[in-house]
$ cat my_file_20.pdb   # PDB, C-alpha atoms, pLDDT in the B column
ATOM      1  CA  MET A 116     -28.298  -8.188 -32.500  1.00 36.00           C
ATOM      2  CA  THR A 117     -29.176  -8.794 -36.138  1.00 36.00           C
ATOM      3  CA  ASN A 118     -26.192  -9.684 -38.303  1.00 42.00           C
ATOM      4  CA  PRO A 119     -25.280  -6.430 -40.174  1.00 39.00           C
ATOM      5  CA  ARG A 120     -24.236  -8.360 -43.273  1.00 40.00           C
ATOM      6  CA  ARG A 121     -27.639 -10.073 -43.574  1.00 42.00           C
ATOM      7  CA  ALA A 122     -29.465  -6.828 -42.842  1.00 41.00           C
ATOM      8  CA  ALA A 123     -27.440  -5.058 -45.516  1.00 39.00           C
ATOM      9  CA  ARG A 124     -28.362  -7.723 -48.090  1.00 39.00           C
ATOM     10  CA  ARG A 125     -32.041  -7.333 -47.279  1.00 41.00           C
ATOM     11  CA  ARG A 126     -31.948  -3.549 -47.548  1.00 40.00           C
ATOM     12  CA  LEU A 127     -30.172  -3.610 -50.893  1.00 35.00           C
ATOM     13  CA  THR A 128     -32.876  -5.572 -52.676  1.00 37.00           C
ATOM     14  CA  GLY A 129     -34.743  -2.393 -53.548  1.00 36.00           C
ATOM     15  CA  LEU A 130     -31.868  -0.726 -55.377  1.00 36.00           C
ATOM     16  CA  THR A 131     -31.714  -0.739 -59.163  1.00 35.00           C
ATOM     17  CA  GLY A 132     -29.147  -0.144 -61.894  1.00 35.00           C
ATOM     18  CA  LEU A 133     -25.436   0.349 -61.354  1.00 33.00           C
ATOM     19  CA  THR A 134     -25.805   1.328 -57.713  1.00 36.00           C
ATOM     20  CA  ALA A 135     -27.580  -1.938 -56.952  1.00 34.00           C
ATOM     21  CA  LEU A 136     -24.899  -3.970 -58.699  1.00 31.00           C
ATOM     22  CA  LEU A 137     -22.130  -2.204 -56.856  1.00 32.00           C
ATOM     23  CA  LEU A 138     -23.796  -2.538 -53.481  1.00 35.00           C
ATOM     24  CA  LEU A 139     -24.771  -6.161 -53.941  1.00 32.00           C
ATOM     25  CA  GLY A 140     -21.248  -6.970 -55.035  1.00 33.00           C
ATOM     26  CA  ALA A 141     -19.835  -5.302 -51.962  1.00 36.00           C
ATOM     27  CA  CYS A 142     -22.039  -7.299 -49.608  1.00 36.00           C
ATOM     28  CA  SER A 143     -21.616 -10.734 -51.161  1.00 34.00           C
ATOM     29  CA  GLY A 144     -18.806 -12.876 -49.895  1.00 36.00           C
ATOM     30  CA  GLY A 145     -15.535 -11.830 -48.295  1.00 36.00           C
ATOM     31  CA  SER A 146     -15.122  -9.792 -45.146  1.00 34.00           C
ATOM     32  CA  GLY A 147     -13.830  -6.781 -47.102  1.00 36.00           C
ATOM     33  CA  GLY A 148     -17.284  -6.126 -48.584  1.00 39.00           C
ATOM     34  CA  ALA A 149     -19.348  -6.465 -45.425  1.00 42.00           C
ATOM     35  CA  LEU A 150     -21.233  -3.378 -44.406  1.00 47.00           C
ATOM     36  CA  GLY A 151     -20.527  -4.131 -40.762  1.00 48.00           C
ATOM     37  CA  ASN A 152     -16.779  -4.189 -41.444  1.00 45.00           C
ATOM     38  CA  VAL A 153     -16.921  -0.884 -43.300  1.00 46.00           C
ATOM     39  CA  LEU A 154     -18.692   1.012 -40.531  1.00 52.00           C
ATOM     40  CA  GLY A 155     -18.078  -1.113 -37.467  1.00 48.00           C
ATOM     41  CA  ALA A 156     -14.959   0.750 -36.382  1.00 43.00           C
ATOM     42  CA  VAL A 157     -16.672   4.111 -36.862  1.00 45.00           C
ATOM     43  CA  LEU A 158     -19.630   3.090 -34.732  1.00 47.00           C
ATOM     44  CA  GLY A 159     -17.477   1.521 -32.071  1.00 43.00           C
ATOM     45  CA  GLY A 160     -18.997  -1.903 -31.692  1.00 41.00           C
ATOM     46  CA  GLY A 161     -22.268  -1.701 -33.611  1.00 41.00           C
ATOM     47  CA  GLN A 162     -24.877  -1.375 -30.857  1.00 44.00           C
ATOM     48  CA  GLY A 163     -28.235   0.025 -31.955  1.00 45.00           C
ATOM     49  CA  GLY A 164     -28.440   3.791 -31.770  1.00 49.00           C
ATOM     50  CA  GLN A 165     -24.700   4.468 -31.760  1.00 54.00           C
ATOM     51  CA  GLY A 166     -23.508   7.093 -34.201  1.00 63.00           C
ATOM     52  CA  GLY A 167     -20.485   8.307 -36.071  1.00 86.00           C
ATOM     53  CA  GLN A 168     -19.427   9.668 -39.444  1.00 87.00           C
ATOM     54  CA  VAL A 169     -18.394   8.151 -42.752  1.00 88.00           C
ATOM     55  CA  ALA A 170     -16.915   9.961 -45.755  1.00 89.00           C
ATOM     56  CA  GLY A 171     -17.369   8.868 -49.339  1.00 89.00           C
ATOM     57  CA  THR A 172     -18.620   9.528 -52.844  1.00 91.00           C
ATOM     58  CA  VAL A 173     -22.302   9.353 -53.751  1.00 91.00           C
ATOM     59  CA  GLN A 174     -23.060   6.488 -56.145  1.00 88.00           C
ATOM     60  CA  GLY A 175     -26.782   7.100 -56.412  1.00 87.00           C
ATOM     61  CA  VAL A 176     -30.036   7.840 -54.578  1.00 87.00           C
ATOM     62  CA  ASN A 177     -32.957   5.400 -54.635  1.00 87.00           C
ATOM     63  CA  THR A 178     -36.080   7.366 -53.717  1.00 84.00           C
ATOM     64  CA  GLN A 179     -38.324   4.271 -53.614  1.00 84.00           C
ATOM     65  CA  SER A 180     -36.323   2.434 -50.948  1.00 87.00           C
ATOM     66  CA  GLN A 181     -34.979   5.719 -49.500  1.00 90.00           C
ATOM     67  CA  GLN A 182     -31.342   4.671 -49.668  1.00 92.00           C
ATOM     68  CA  ILE A 183     -28.164   6.501 -50.592  1.00 93.00           C
ATOM     69  CA  GLY A 184     -25.395   4.460 -52.222  1.00 90.00           C
ATOM     70  CA  LEU A 185     -21.985   5.574 -50.957  1.00 91.00           C
ATOM     71  CA  GLN A 186     -18.452   4.528 -51.886  1.00 88.00           C
ATOM     72  CA  THR A 187     -15.984   5.065 -49.057  1.00 85.00           C
ATOM     73  CA  SER A 188     -12.422   6.278 -49.546  1.00 77.00           C
ATOM     74  CA  ASP A 189     -11.125   2.696 -49.405  1.00 79.00           C
ATOM     75  CA  GLY A 190     -13.474   1.575 -52.175  1.00 81.00           C
ATOM     76  CA  GLN A 191     -16.165  -0.108 -50.067  1.00 85.00           C
ATOM     77  CA  GLN A 192     -19.817   0.226 -51.092  1.00 86.00           C
ATOM     78  CA  VAL A 193     -22.415   0.987 -48.412  1.00 88.00           C
ATOM     79  CA  ALA A 194     -26.127   1.805 -48.334  1.00 90.00           C
ATOM     80  CA  LEU A 195     -27.443   4.485 -45.975  1.00 93.00           C
ATOM     81  CA  LEU A 196     -31.125   4.842 -45.164  1.00 93.00           C
ATOM     82  CA  TYR A 197     -32.643   8.333 -45.161  1.00 93.00           C
ATOM     83  CA  ASP A 198     -36.047   9.913 -44.557  1.00 92.00           C
ATOM     84  CA  ASN A 199     -37.795  13.269 -44.774  1.00 88.00           C
ATOM     85  CA  ASN A 200     -35.787  14.513 -41.793  1.00 90.00           C
ATOM     86  CA  THR A 201     -32.434  13.901 -43.497  1.00 92.00           C
ATOM     87  CA  LYS A 202     -30.780  17.157 -44.510  1.00 91.00           C
ATOM     88  CA  VAL A 203     -28.046  17.891 -47.035  1.00 89.00           C
ATOM     89  CA  VAL A 204     -25.772  20.840 -46.311  1.00 87.00           C
ATOM     90  CA  TYR A 205     -23.585  22.526 -48.909  1.00 84.00           C
ATOM     91  CA  GLN A 206     -21.891  25.885 -48.431  1.00 78.00           C
ATOM     92  CA  ASN A 207     -24.057  26.558 -45.362  1.00 76.00           C
ATOM     93  CA  GLN A 208     -27.296  26.045 -47.300  1.00 79.00           C
ATOM     94  CA  LEU A 209     -29.840  23.251 -46.868  1.00 81.00           C
ATOM     95  CA  TYR A 210     -30.915  20.977 -49.730  1.00 84.00           C
ATOM     96  CA  ALA A 211     -33.029  17.862 -50.196  1.00 84.00           C
ATOM     97  CA  VAL A 212     -31.475  14.407 -50.581  1.00 89.00           C
ATOM     98  CA  THR A 213     -32.799  14.353 -54.157  1.00 86.00           C
ATOM     99  CA  ASN A 214     -30.360  17.158 -55.001  1.00 85.00           C
ATOM    100  CA  LEU A 215     -27.428  14.793 -54.486  1.00 88.00           C
ATOM    101  CA  GLU A 216     -25.657  13.729 -57.671  1.00 85.00           C
ATOM    102  CA  ARG A 217     -23.491  10.752 -58.480  1.00 85.00           C
ATOM    103  CA  GLY A 218     -19.907  11.855 -57.807  1.00 87.00           C
ATOM    104  CA  ASP A 219     -20.666  14.301 -54.987  1.00 88.00           C
ATOM    105  CA  GLN A 220     -18.241  13.897 -52.090  1.00 88.00           C
ATOM    106  CA  VAL A 221     -19.924  13.885 -48.693  1.00 91.00           C
ATOM    107  CA  VAL A 222     -19.428  13.273 -45.002  1.00 91.00           C
ATOM    108  CA  ALA A 223     -22.501  11.517 -43.593  1.00 92.00           C
ATOM    109  CA  ARG A 224     -23.516  11.461 -39.955  1.00 92.00           C
ATOM    110  CA  ILE A 225     -24.773   7.938 -39.302  1.00 92.00           C
ATOM    111  CA  GLN A 226     -26.274   5.758 -36.643  1.00 91.00           C
ATOM    112  CA  GLN A 227     -26.956   2.054 -36.533  1.00 87.00           C
ATOM    113  CA  THR A 228     -30.586   1.014 -36.329  1.00 81.00           C
ATOM    114  CA  ASN A 229     -31.901  -1.734 -34.058  1.00 83.00           C
ATOM    115  CA  ASP A 230     -32.085  -4.198 -36.961  1.00 80.00           C
ATOM    116  CA  GLY A 231     -28.461  -3.647 -37.971  1.00 80.00           C
ATOM    117  CA  GLY A 232     -29.025  -1.153 -40.796  1.00 83.00           C
ATOM    118  CA  TYR A 233     -27.485   2.295 -41.090  1.00 89.00           C
ATOM    119  CA  TYR A 234     -29.350   5.607 -41.177  1.00 94.00           C
ATOM    120  CA  THR A 235     -28.107   9.115 -41.913  1.00 94.00           C
ATOM    121  CA  ASP A 236     -29.828  12.265 -40.722  1.00 93.00           C
ATOM    122  CA  SER A 237     -27.267  14.709 -42.140  1.00 93.00           C
ATOM    123  CA  LEU A 238     -24.845  14.815 -45.062  1.00 93.00           C
ATOM    124  CA  GLN A 239     -22.262  17.553 -45.536  1.00 90.00           C
ATOM    125  CA  VAL A 240     -21.269  17.971 -49.190  1.00 89.00           C
ATOM    126  CA  THR A 241     -17.529  18.658 -49.220  1.00 87.00           C
ATOM    127  CA  GLN A 242     -17.269  18.819 -53.013  1.00 84.00           C
ATOM    128  CA  SER A 243     -20.009  18.990 -55.615  1.00 82.00           C
ATOM    129  CA  VAL A 244     -19.444  17.101 -58.850  1.00 77.00           C
ATOM    130  CA  SER A 245     -21.222  19.918 -60.715  1.00 70.00           C
ATOM    131  CA  THR A 246     -18.750  22.562 -59.593  1.00 63.00           C
ATOM    132  CA  SER A 247     -15.647  20.344 -59.728  1.00 51.00           C
ATOM    133  CA  GLY A 248     -16.055  19.411 -63.375  1.00 45.00           C
ATOM    134  CA  GLY A 249     -16.538  15.721 -62.599  1.00 39.00           C
ATOM    135  CA  ALA A 250     -17.293  13.327 -65.431  1.00 34.00           C
ATOM    136  CA  THR A 251     -20.981  12.411 -65.207  1.00 35.00           C
ATOM    137  CA  SER A 252     -23.712  12.093 -67.769  1.00 34.00           C
ATOM    138  CA  GLY A 253     -24.488  15.631 -68.814  1.00 36.00           C
ATOM    139  CA  GLY A 254     -22.032  16.928 -66.204  1.00 37.00           C
ATOM    140  CA  GLY A 255     -21.408  20.488 -65.190  1.00 38.00           C
ATOM    141  CA  GLY A 256     -19.044  21.522 -67.966  1.00 39.00           C
ATOM    142  CA  SER A 257     -19.899  24.809 -69.661  1.00 42.00           C
ATOM    143  CA  ALA A 258     -19.840  23.123 -73.106  1.00 40.00           C
ATOM    144  CA  ASN A 259     -23.002  21.201 -72.145  1.00 64.00           C
ATOM    145  CA  VAL A 260     -25.065  24.250 -71.182  1.00 74.00           C
ATOM    146  CA  GLN A 261     -28.190  24.587 -73.323  1.00 81.00           C
ATOM    147  CA  THR A 262     -30.975  27.133 -73.667  1.00 84.00           C
ATOM    148  CA  LEU A 263     -34.457  25.938 -72.719  1.00 89.00           C
ATOM    149  CA  GLN A 264     -37.869  27.558 -72.894  1.00 91.00           C
ATOM    150  CA  GLY A 265     -41.177  26.168 -71.738  1.00 93.00           C
ATOM    151  CA  THR A 266     -44.199  26.348 -69.496  1.00 95.00           C
ATOM    152  CA  VAL A 267     -44.000  25.614 -65.780  1.00 95.00           C
ATOM    153  CA  ARG A 268     -46.338  22.728 -64.902  1.00 94.00           C
ATOM    154  CA  GLN A 269     -45.440  21.634 -61.369  1.00 93.00           C
ATOM    155  CA  ILE A 270     -43.343  23.224 -58.641  1.00 94.00           C
ATOM    156  CA  ASP A 271     -41.721  21.442 -55.695  1.00 92.00           C
ATOM    157  CA  ARG A 272     -40.306  24.292 -53.629  1.00 90.00           C
ATOM    158  CA  ALA A 273     -39.239  22.034 -50.743  1.00 87.00           C
ATOM    159  CA  ASN A 274     -36.903  20.025 -52.983  1.00 86.00           C
ATOM    160  CA  GLY A 275     -35.908  22.808 -55.382  1.00 89.00           C
ATOM    161  CA  LEU A 276     -37.569  21.250 -58.441  1.00 92.00           C
ATOM    162  CA  PHE A 277     -40.033  22.242 -61.131  1.00 95.00           C
ATOM    163  CA  THR A 278     -41.421  20.565 -64.239  1.00 94.00           C
ATOM    164  CA  LEU A 279     -41.036  22.349 -67.582  1.00 94.00           C
ATOM    165  CA  GLU A 280     -43.092  21.523 -70.666  1.00 92.00           C
ATOM    166  CA  GLY A 281     -41.547  22.402 -74.014  1.00 87.00           C
ATOM    167  CA  SER A 282     -43.376  23.559 -77.122  1.00 82.00           C
ATOM    168  CA  ASN A 283     -43.329  19.967 -78.427  1.00 82.00           C
ATOM    169  CA  GLY A 284     -45.002  18.667 -75.283  1.00 85.00           C
ATOM    170  CA  ALA A 285     -41.843  17.074 -73.877  1.00 86.00           C
ATOM    171  CA  MET A 286     -41.509  17.341 -70.094  1.00 90.00           C
ATOM    172  CA  VAL A 287     -38.289  17.751 -68.114  1.00 91.00           C
ATOM    173  CA  ILE A 288     -37.621  18.194 -64.412  1.00 91.00           C
ATOM    174  CA  VAL A 289     -35.426  21.191 -63.616  1.00 93.00           C
ATOM    175  CA  SER A 290     -33.463  21.160 -60.344  1.00 91.00           C
ATOM    176  CA  LEU A 291     -31.608  23.974 -58.634  1.00 89.00           C
ATOM    177  CA  PRO A 292     -27.835  23.502 -58.244  1.00 83.00           C
ATOM    178  CA  TYR A 293     -25.991  23.594 -54.921  1.00 75.00           C
ATOM    179  CA  ASN A 294     -24.403  26.907 -55.826  1.00 75.00           C
ATOM    180  CA  VAL A 295     -27.600  28.625 -56.940  1.00 80.00           C
ATOM    181  CA  THR A 296     -27.339  32.399 -56.950  1.00 85.00           C
ATOM    182  CA  ARG A 297     -29.574  34.519 -54.773  1.00 87.00           C
ATOM    183  CA  SER A 298     -31.287  36.021 -57.815  1.00 89.00           C
ATOM    184  CA  ASP A 299     -32.059  32.582 -59.271  1.00 90.00           C
ATOM    185  CA  GLN A 300     -33.292  31.376 -55.881  1.00 89.00           C
ATOM    186  CA  THR A 301     -35.636  34.366 -55.698  1.00 92.00           C
ATOM    187  CA  ARG A 302     -36.787  33.745 -59.276  1.00 93.00           C
ATOM    188  CA  PHE A 303     -37.542  30.113 -58.414  1.00 94.00           C
ATOM    189  CA  GLN A 304     -39.526  31.087 -55.312  1.00 93.00           C
ATOM    190  CA  ASN A 305     -41.614  33.430 -57.465  1.00 94.00           C
ATOM    191  CA  LEU A 306     -42.402  30.845 -60.171  1.00 95.00           C
ATOM    192  CA  ARG A 307     -46.064  30.208 -60.905  1.00 95.00           C
ATOM    193  CA  THR A 308     -47.741  27.251 -62.617  1.00 94.00           C
ATOM    194  CA  GLY A 309     -48.536  28.115 -66.254  1.00 94.00           C
ATOM    195  CA  GLU A 310     -45.768  30.702 -66.472  1.00 94.00           C
ATOM    196  CA  THR A 311     -43.421  30.658 -69.471  1.00 94.00           C
ATOM    197  CA  VAL A 312     -39.738  30.748 -68.560  1.00 94.00           C
ATOM    198  CA  ARG A 313     -36.390  30.664 -70.327  1.00 92.00           C
ATOM    199  CA  LEU A 314     -33.234  29.346 -68.744  1.00 91.00           C
ATOM    200  CA  TYR A 315     -29.761  27.963 -69.251  1.00 87.00           C
ATOM    201  CA  GLY A 316     -29.378  24.398 -68.056  1.00 85.00           C
ATOM    202  CA  VAL A 317     -27.349  21.187 -68.246  1.00 82.00           C
ATOM    203  CA  PHE A 318     -29.000  17.846 -69.036  1.00 80.00           C
ATOM    204  CA  LEU A 319     -28.172  15.279 -66.338  1.00 78.00           C
ATOM    205  CA  ASN A 320     -30.168  12.642 -68.255  1.00 76.00           C
ATOM    206  CA  ASN A 321     -33.027  12.583 -70.773  1.00 76.00           C
ATOM    207  CA  SER A 322     -35.589  13.914 -68.316  1.00 82.00           C
ATOM    208  CA  ARG A 323     -33.557  15.874 -65.753  1.00 86.00           C
ATOM    209  CA  VAL A 324     -31.965  19.316 -66.178  1.00 87.00           C
ATOM    210  CA  GLU A 325     -29.866  21.219 -63.684  1.00 86.00           C
ATOM    211  CA  LEU A 326     -30.420  24.974 -63.764  1.00 88.00           C
ATOM    212  CA  ARG A 327     -27.477  27.201 -64.531  1.00 86.00           C
ATOM    213  CA  GLN A 328     -29.299  30.528 -64.786  1.00 88.00           C
ATOM    214  CA  PHE A 329     -32.723  32.021 -65.454  1.00 91.00           C
ATOM    215  CA  TYR A 330     -32.893  34.712 -68.141  1.00 83.00           C
TER
END
$ encode --input "my_file_20.pdb" --output "structure tokens"
Amino acid sequence: MTNPRRAARRRLTGLTGLTALLLLGACSGGSGGALGNVLGAVLGGGQGGQGGQVAGTVQGVNTQSQQIGLQTSDGQQVALLYDNNTKVVYQNQLYAVTNLERGDQVVARIQQTNDGGYYTDSLQVTQSVSTSGGATSGGGGSANVQTLQGTVRQIDRANGLFTLEGSNGAMVIVSLPYNVTRSDQTRFQNLRTGETVRLYGVFLNNSRVELRQFY
């Protein structure tokens, strides 16, 4: 069986930014940071294909390497592989992995792959950072809500995203929140490219906005 610690190092090379630093630090030196030690007890021996669950806080999502950075309750950093079949469940509704935010608390169903990595096919969000008032860049506090108006350019209905172009030509990606209302969900499903919309939203970063309400 491939050494889980070596496999974890290889799979972390694609991560960038703070998540990469955290994960690389967790897997370098010392048994306390080894991915195999973090999940070994959960998986009951680490044979390929075995499964279990791990709870933690989302540190980031890398869409290029298809990895989710997770910090467990005891402070360990782990990387979970995902694919197009991985589902995110929050309040009995399904979402895409790209809807996860740094600070979300989740319980991930995992299984060990044949090469010693770890894959998740399902994550249950137990607490959303947006609705808990967590401190993130452009977090969900009401004081950060802004009014936006623009033209819809692209729509990704599967992932709950659309691109909005402002009057100055600036483009932002608008994402639906976990707790989207039925009326806003219906409004999103009825969006058309080229349509002008107005909405309340919170900036998560310079190019990403989370919808609060259409108006």
$ atom_distance --input "my_file_20.pdb" --atom1 "atom CA of A:Glu216" --atom2 "atom CA of A:Val173"
6.8 Å
$ resolve_selection --input "my_file_20.pdb" --expression "the PyMOL selection byres ((chain A and resi 276) around 8)" --output "list in words"
Ile270, Asp271, Arg272, Ala273, Asn274, Gly275, Phe277, Thr278, Ile288, Val289, Ser290 and Leu291 of chain A
$ closest_atom_pairs --input "my_file_20.pdb" --of "stretch 191-250 of chain A" --to "stretch 318-323 of chain A" --cutoff "12 Å" --atoms "all atoms listed in the file" --output "tab-separated table"
residue	atom	partner	partner_atom	distance
A:Thr213	CA	A:Arg323	CA	11.7
A:Asn214	CA	A:Arg323	CA	11.3
A:Leu215	CA	A:Leu319	CA	11.9
A:Glu216	CA	A:Leu319	CA	9.2
A:Arg217	CA	A:Leu319	CA	10.2
A:Val244	CA	A:Leu319	CA	11.6
A:Ser245	CA	A:Leu319	CA	10.1
A:Ala250	CA	A:Leu319	CA	11.1
$ resolve_selection --input "my_file_20.pdb" --expression "the PyMOL selection byres ((chain A and resi 188-200) around 6)" --output "PyMOL selection string"
chain A and resi 138+141+171+181-187+201+233-235
$ residues_around --input "my_file_20.pdb" --residues "stretch 308-314 of chain A" --least-positions-apart "3" --cutoff "7 Å" --atoms "only C-alpha atoms" --output "JSON, numbers by chain"
{"A": [262, 263, 264, 265, 266, 267, 268, 269, 328, 329, 330]}
$ closest_residue --input "my_file_20.pdb" --among "A:Gln208, A:Gln168, A:Ser282, A:Gln242" --to "A:Gln226" --atoms "all atoms listed in the file"
A:Gln168
$ atom_distance --input "my_file_20.pdb" --atom1 "atom CA of A:Asn305" --atom2 "atom CA of A:Val240"
26.9 Å
$ atom_distance --input "my_file_20.pdb" --atom1 "atom CA of A:Val260" --atom2 "atom CA of A:Val222"
28.9 Å
$ closest_residue --input "my_file_20.pdb" --among "A:Tyr315, A:Tyr293, A:Tyr205, A:Phe303" --to "A:Val221" --atoms "all atoms listed in the file"
A:Tyr205
$ axis_aligned_box --input "my_file_20.pdb" --around "stretch 224-240 of chain A" --padding-each-side "4 Å" --output "AutoDock Vina command-line options"
--center_x -26.7 --center_y 6.9 --center_z -41.6 --size_x 18.8 --size_y 30.2 --size_z 23.1
$ resolve_selection --input "my_file_20.pdb" --expression "the PyMOL selection byres ((chain A and resi 203) around 7)" --output "PyMOL selection string"
chain A and resi 201-202+204-205+209-212+237-239
$ build_atoms --input "my_file_20.pdb" --residues "stretch 201-225 of chain A" --atoms "N, CA and C atoms" --output "PDB file, keeping the file's coordinate frame"
ATOM      1  N   THR A 201     -33.842  13.861 -43.104  1.00 92.00           N
ATOM      2  CA  THR A 201     -32.434  13.901 -43.497  1.00 92.00           C
ATOM      3  C   THR A 201     -32.157  15.192 -44.262  1.00 92.00           C
ATOM      4  N   LYS A 202     -31.110  15.900 -43.856  1.00 91.00           N
ATOM      5  CA  LYS A 202     -30.780  17.157 -44.510  1.00 91.00           C
ATOM      6  C   LYS A 202     -29.428  17.046 -45.214  1.00 91.00           C
ATOM      7  N   VAL A 203     -29.297  17.797 -46.283  1.00 89.00           N
ATOM      8  CA  VAL A 203     -28.046  17.891 -47.035  1.00 89.00           C
ATOM      9  C   VAL A 203     -27.563  19.332 -46.928  1.00 89.00           C
ATOM     10  N   VAL A 204     -26.326  19.507 -46.514  1.00 87.00           N
ATOM     11  CA  VAL A 204     -25.772  20.840 -46.311  1.00 87.00           C
ATOM     12  C   VAL A 204     -24.615  21.063 -47.285  1.00 87.00           C
ATOM     13  N   TYR A 205     -24.674  22.151 -48.002  1.00 84.00           N
ATOM     14  CA  TYR A 205     -23.585  22.526 -48.909  1.00 84.00           C
ATOM     15  C   TYR A 205     -23.407  24.039 -48.855  1.00 84.00           C
ATOM     16  N   GLN A 206     -22.207  24.465 -48.538  1.00 78.00           N
ATOM     17  CA  GLN A 206     -21.891  25.885 -48.431  1.00 78.00           C
ATOM     18  C   GLN A 206     -22.905  26.610 -47.543  1.00 78.00           C
ATOM     19  N   ASN A 207     -23.184  25.995 -46.396  1.00 76.00           N
ATOM     20  CA  ASN A 207     -24.057  26.558 -45.362  1.00 76.00           C
ATOM     21  C   ASN A 207     -25.501  26.740 -45.817  1.00 76.00           C
ATOM     22  N   GLN A 208     -25.911  26.006 -46.861  1.00 79.00           N
ATOM     23  CA  GLN A 208     -27.296  26.045 -47.300  1.00 79.00           C
ATOM     24  C   GLN A 208     -27.868  24.628 -47.249  1.00 79.00           C
ATOM     25  N   LEU A 209     -29.174  24.543 -46.973  1.00 81.00           N
ATOM     26  CA  LEU A 209     -29.840  23.251 -46.868  1.00 81.00           C
ATOM     27  C   LEU A 209     -30.452  22.833 -48.200  1.00 81.00           C
ATOM     28  N   TYR A 210     -30.349  21.531 -48.513  1.00 84.00           N
ATOM     29  CA  TYR A 210     -30.915  20.977 -49.730  1.00 84.00           C
ATOM     30  C   TYR A 210     -31.588  19.644 -49.409  1.00 84.00           C
ATOM     31  N   ALA A 211     -32.394  19.165 -50.340  1.00 84.00           N
ATOM     32  CA  ALA A 211     -33.029  17.862 -50.196  1.00 84.00           C
ATOM     33  C   ALA A 211     -32.073  16.769 -50.651  1.00 84.00           C
ATOM     34  N   VAL A 212     -32.313  15.542 -50.180  1.00 89.00           N
ATOM     35  CA  VAL A 212     -31.475  14.407 -50.581  1.00 89.00           C
ATOM     36  C   VAL A 212     -31.529  14.217 -52.093  1.00 89.00           C
ATOM     37  N   THR A 213     -32.660  14.528 -52.710  1.00 86.00           N
ATOM     38  CA  THR A 213     -32.799  14.353 -54.157  1.00 86.00           C
ATOM     39  C   THR A 213     -31.896  15.277 -54.951  1.00 86.00           C
ATOM     40  N   ASN A 214     -31.308  16.287 -54.309  1.00 85.00           N
ATOM     41  CA  ASN A 214     -30.360  17.158 -55.001  1.00 85.00           C
ATOM     42  C   ASN A 214     -28.975  16.536 -55.123  1.00 85.00           C
ATOM     43  N   LEU A 215     -28.726  15.456 -54.388  1.00 88.00           N
ATOM     44  CA  LEU A 215     -27.428  14.793 -54.486  1.00 88.00           C
ATOM     45  C   LEU A 215     -27.235  14.214 -55.872  1.00 88.00           C
ATOM     46  N   GLU A 216     -25.991  14.287 -56.375  1.00 85.00           N
ATOM     47  CA  GLU A 216     -25.657  13.729 -57.671  1.00 85.00           C
ATOM     48  C   GLU A 216     -24.565  12.683 -57.525  1.00 85.00           C
ATOM     49  N   ARG A 217     -24.564  11.739 -58.441  1.00 85.00           N
ATOM     50  CA  ARG A 217     -23.491  10.752 -58.480  1.00 85.00           C
ATOM     51  C   ARG A 217     -22.155  11.469 -58.641  1.00 85.00           C
ATOM     52  N   GLY A 218     -21.211  11.206 -57.747  1.00 87.00           N
ATOM     53  CA  GLY A 218     -19.907  11.855 -57.807  1.00 87.00           C
ATOM     54  C   GLY A 218     -19.713  12.909 -56.741  1.00 87.00           C
ATOM     55  N   ASP A 219     -20.804  13.348 -56.093  1.00 88.00           N
ATOM     56  CA  ASP A 219     -20.666  14.301 -54.987  1.00 88.00           C
ATOM     57  C   ASP A 219     -19.883  13.650 -53.840  1.00 88.00           C
ATOM     58  N   GLN A 220     -18.981  14.399 -53.239  1.00 88.00           N
ATOM     59  CA  GLN A 220     -18.241  13.897 -52.090  1.00 88.00           C
ATOM     60  C   GLN A 220     -18.899  14.425 -50.820  1.00 88.00           C
ATOM     61  N   VAL A 221     -19.160  13.522 -49.882  1.00 91.00           N
ATOM     62  CA  VAL A 221     -19.924  13.885 -48.693  1.00 91.00           C
ATOM     63  C   VAL A 221     -19.306  13.270 -47.440  1.00 91.00           C
ATOM     64  N   VAL A 222     -19.668  13.869 -46.309  1.00 91.00           N
ATOM     65  CA  VAL A 222     -19.428  13.273 -45.002  1.00 91.00           C
ATOM     66  C   VAL A 222     -20.801  13.080 -44.373  1.00 91.00           C
ATOM     67  N   ALA A 223     -21.167  11.834 -44.110  1.00 92.00           N
ATOM     68  CA  ALA A 223     -22.501  11.517 -43.593  1.00 92.00           C
ATOM     69  C   ALA A 223     -22.433  11.220 -42.105  1.00 92.00           C
ATOM     70  N   ARG A 224     -23.358  11.806 -41.364  1.00 92.00           N
ATOM     71  CA  ARG A 224     -23.516  11.461 -39.955  1.00 92.00           C
ATOM     72  C   ARG A 224     -24.454  10.268 -39.888  1.00 92.00           C
ATOM     73  N   ILE A 225     -24.023   9.187 -39.251  1.00 92.00           N
ATOM     74  CA  ILE A 225     -24.773   7.938 -39.302  1.00 92.00           C
ATOM     75  C   ILE A 225     -25.021   7.383 -37.908  1.00 92.00           C
TER      76      ILE A 225
END
